[in-house]
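Read through the structure below, which is laid out as structure tokens, and then see the notes.
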Protein chains: 2
Amino acid sequence: MNLILLFDDDFTGDARVRLTGRRLEHVRGVHRAAIGDELTVGRAGGRVGRGRVTRLDAEALEMEVALDREPPAPLPLTLVLALPRPKVLNRVVASVASLGVKRLVLVNAWRVEKSYWKSPKLEGLREQLILGLEQAKDTVLPSIELRRLFRPFVEDELPSLARGTRALVAHPGAAVECPRALDEPVTLAIGPEGGFIAEEVASLERIGFTPVHLGARVLRVETAVAAIIGRIF
Amino acid sequence: MNLILLFDDDFTGDARVRLTGRRLEHVRGVHRAAIGDELTVGRAGGRVGRGRVTRLDAEALEMEVALDREPPAPLPLTLVLALPRPKVLNRVVASVASLGVKRLVLVNAWRVEKSYWKSPKLEGLREQLILGLEQAKDTVLPSIELRRLFRPFVEDELPSLARGTRALVAHPGAAVECPRALDEPVTLAIGPEGGFIAEEVASLERIGFTPVHLGARVLRVETAVAAIIGRIF
């Protein structure tokens with residue numbers, strides 16, 4: 001927790017907050033803060049600054065906060081990601097949030113196992129986004145959309161979502177190498193383990209997506225997402 | 001397992017292999033292969049090709065193999081990484097191998113907790129390298145070196161190790177932005193959670209390392225490694 005994310009309900013005055021639960025435990029157990037210490041804080045959707053501890057005990061953490069800086073710039077990227085398997089879902093979502101993605105669409109695909117859509121982890125994604133923001137010292141919560149039907153999403157929604165952006169689909173074996181250091185908004189689709197099937201790639205191409213490859217290596221989704229984002233921006 | 005890595009001991013003839021244990025279980029349980037099927041294989045340190053299944057039962061998997069392609073090109077990168085905490089160590093090492101790093105030095109730093117060096121996971125790193133290669137369809141095992149003393153390593157070993165390469169240390173708050181799309185060998189040092197301390201960065205600068213930053217975001221080590229490698233190469 002490199003930044004403590006504050007929500008409206010935490011504020012007891014214009015510049016005073018009172019925290020309990022996970023954040024209290026973390027500041028007591030990991031930061032081991034004391035009264036008078038300053039901690040990095042940020043208001044959800046707003047600015048970043050410092051909180052001076054005025055109370056810290058088993059019951060509550062209270063701080064006086066001064067928010068004077070903008071959070072890091074968002075990544076101009078909409079990420080369309082085939083739903084990862086439950087074992088890695090939390091990690092991928094937190095990682096995506098830490099990298100500065102502000103719009104994430106988790107979509108079905110032929111090689112996504114049906115059972116993945118029943119994972120209880122799908123209920124806890126907001127918490128993972130918060131962990132990602134706290135890691136990266138960001139305050140702006142990404143949106144997450146779940147789309148359980150690939151074709152209607154790609155045909156009816158994705159064209160307007162991708163309008164005015166560079167639209168790319170990561171696809172091993174594509175003819176074109178993934179571009180670097182783009183200075184424009186991007187919509188990026190990344191398939192499941194084993195990749196999108198040919199018909200899915202063709203659907204994406206029909207609405208203007210360019211298949212791009214990253215070389216001969218097949219990467220796990222969490223590695224691939226970070227490597228592609230590092231390369232594109 | 002996108003490629004089955006074969007070792008000298010697996011060969012029962014010039015082009016015949018016999019596998020048991022983990023690889024047998026994986027091919028039976030996950031690939032669900034049958035006799036006559038072809039699987040992607042590669043010889044450790046050597047070429048990649050196909051293996052045709054000639055026997056598959058509870059006891060052994062036997063294949064006739066034809067190795068006709070080179071593995072993916074290695075990354076011209078030596079990675080010097082502060083020892084990650086045990087919880088993420090396996091994942092980081094497998095990910096680094098999948099990205100094509102061929103020399104990894106795990107080094108101590110001020111903010112590396114002493115207990116990390118006692119983790120039993122340090123005994124199992126070769127297995128993680130193999131998993132990373134199998135993921136990325138690579139065959140060339142990276143070397144891993146462990147260096148429990150920062151200063152002697154940096155002063156006595158690192159200068160010759162980094163000679164003739166672009167030497168960079170990832171450091172939040174550095175004046176210079178991390179370069180992109182380099183076409184030369186690189187030695188890259190990445191600190192622990194919380195970063196290298198100022199004295200450590202100064203030691204690295206004295207032997208020619210340039211501190212570079214990746215923006216305002218603080219990333220977890222596994223995300224940072226992939227994002228930096230995606231950016232640099």
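A note on labels: chains of the structure tokens are A, B, ... as shown, every chain counts residues from 1, and ligands are counted from 1 in their shown order.
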All residues 6 Å or closer to A:Gly42, only C-alpha atoms, same chain fewer than 5 positions away omitted, as a tab-separated table (two decimals) with C-alpha atoms, in the first residue's frame:
```
chain	number	residue	atom	x	y	z
A	5	LEU	CA	-7.11	5.49	-1.07
A	6	LEU	CA	-9.81	7.62	0.62
A	47	ARG	CA	-5.92	14.40	-5.94
A	48	VAL	CA	-2.97	12.91	-4.08
A	49	GLY	CA	-1.27	14.30	-0.98
A	139	THR	CA	-6.70	7.43	-7.41
```
With a distance cut-off of 7 Å and only C-alpha atoms, select the neighbouring residues of stretch 168-177 of chain A, excluding the residue or stretch itself and same-chain residues fewer than 5 positions from it, and output the selection as a PyMOL selection string.
chain A and resi 187-190+195+209-214
Could you give me, as CSV, a per-residue list for chain A showing, wherever an atom lies at most 7 Å from an atom of chain B, the closest pair of atoms and their distance in Å to one decimal, using only C-alpha atoms and sorting by chain then residue number from low to high?
```
residue,atom,partner,partner_atom,distance
A:Pro72,CA,B:Ala216,CA,5.8
A:Ser95,CA,B:Thr223,CA,6.6
A:Ser98,CA,B:Leu219,CA,6.5
A:Gln135,CA,B:Val218,CA,6.2
A:Ala136,CA,B:Val218,CA,4.4
A:Lys137,CA,B:Arg217,CA,6.3
A:Ala216,CA,B:Pro72,CA,5.8
A:Arg217,CA,B:Ala136,CA,4.5
A:Val218,CA,B:Ala136,CA,4.4
A:Leu219,CA,B:Ala136,CA,5.8
A:Thr223,CA,B:Ala226,CA,5.8
A:Ala226,CA,B:Ala227,CA,4.8
A:Ala227,CA,B:Gly230,CA,4.2
A:Ile228,CA,B:Gly230,CA,6.1
A:Ile229,CA,B:Ala227,CA,6.6
A:Gly230,CA,B:Ala227,CA,4.2
A:Arg231,CA,B:Arg231,CA,4.2
```
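Closest approach to B:Leu75 among B:Leu182, B:Leu61, B:Leu56, B:Val41: B:Leu182, based on only C-alpha atoms.
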Run DSSP on the backbone and tell me which residues of stretch 3-190 of chain B come out as strand (DSSP E or B); list them as a PyMOL selection string.
chain B and resi 4-6+11-13+16-19+38-43+48-56+61-69+75-82+101-107+143-147+166-170+176-177+186-190
Between B:Arg16, B:Arg85, B:Arg32, B:His26, which has the minimum distance to B:Arg50 (counting only C-alpha atoms)?
B:Arg16
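Residues within 8 Å of B:Met63, counting only C-alpha atoms and excluding same-chain residues fewer than 4 positions away, are Arg16, Val17, Arg18, Gly51, Arg52, Val53, Thr54 and Arg55 of chain B.
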Please, what distance in Å, to one decimal, runs between atom CA of A:Asp14 and atom CA of A:Ala58?
24.1 Å
Return as a ChimeraX atom specification the full set of residues in stretch 132-171 of chain A whose backbone-based DSSP assignment is helix (DSSP H, G or I).
/A:132-136,150-162
Ranking B:Arg147, B:Ser203, B:Lys118, B:Thr40 by minimum distance to B:Glu64 and counting only C-alpha atoms, which one comes first?
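Closest residue, counting only C-alpha atoms: B:Thr40.
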Long-range neighbours of A:Val186 as a PyMOL selection string, 6 Å cut-off, only C-alpha atoms, 3 positions minimum in chain
chain A and resi 77+165-167
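Interatomic distance, atom CA of A:Leu204 against atom CA of A:Pro159: 9.3 Å.
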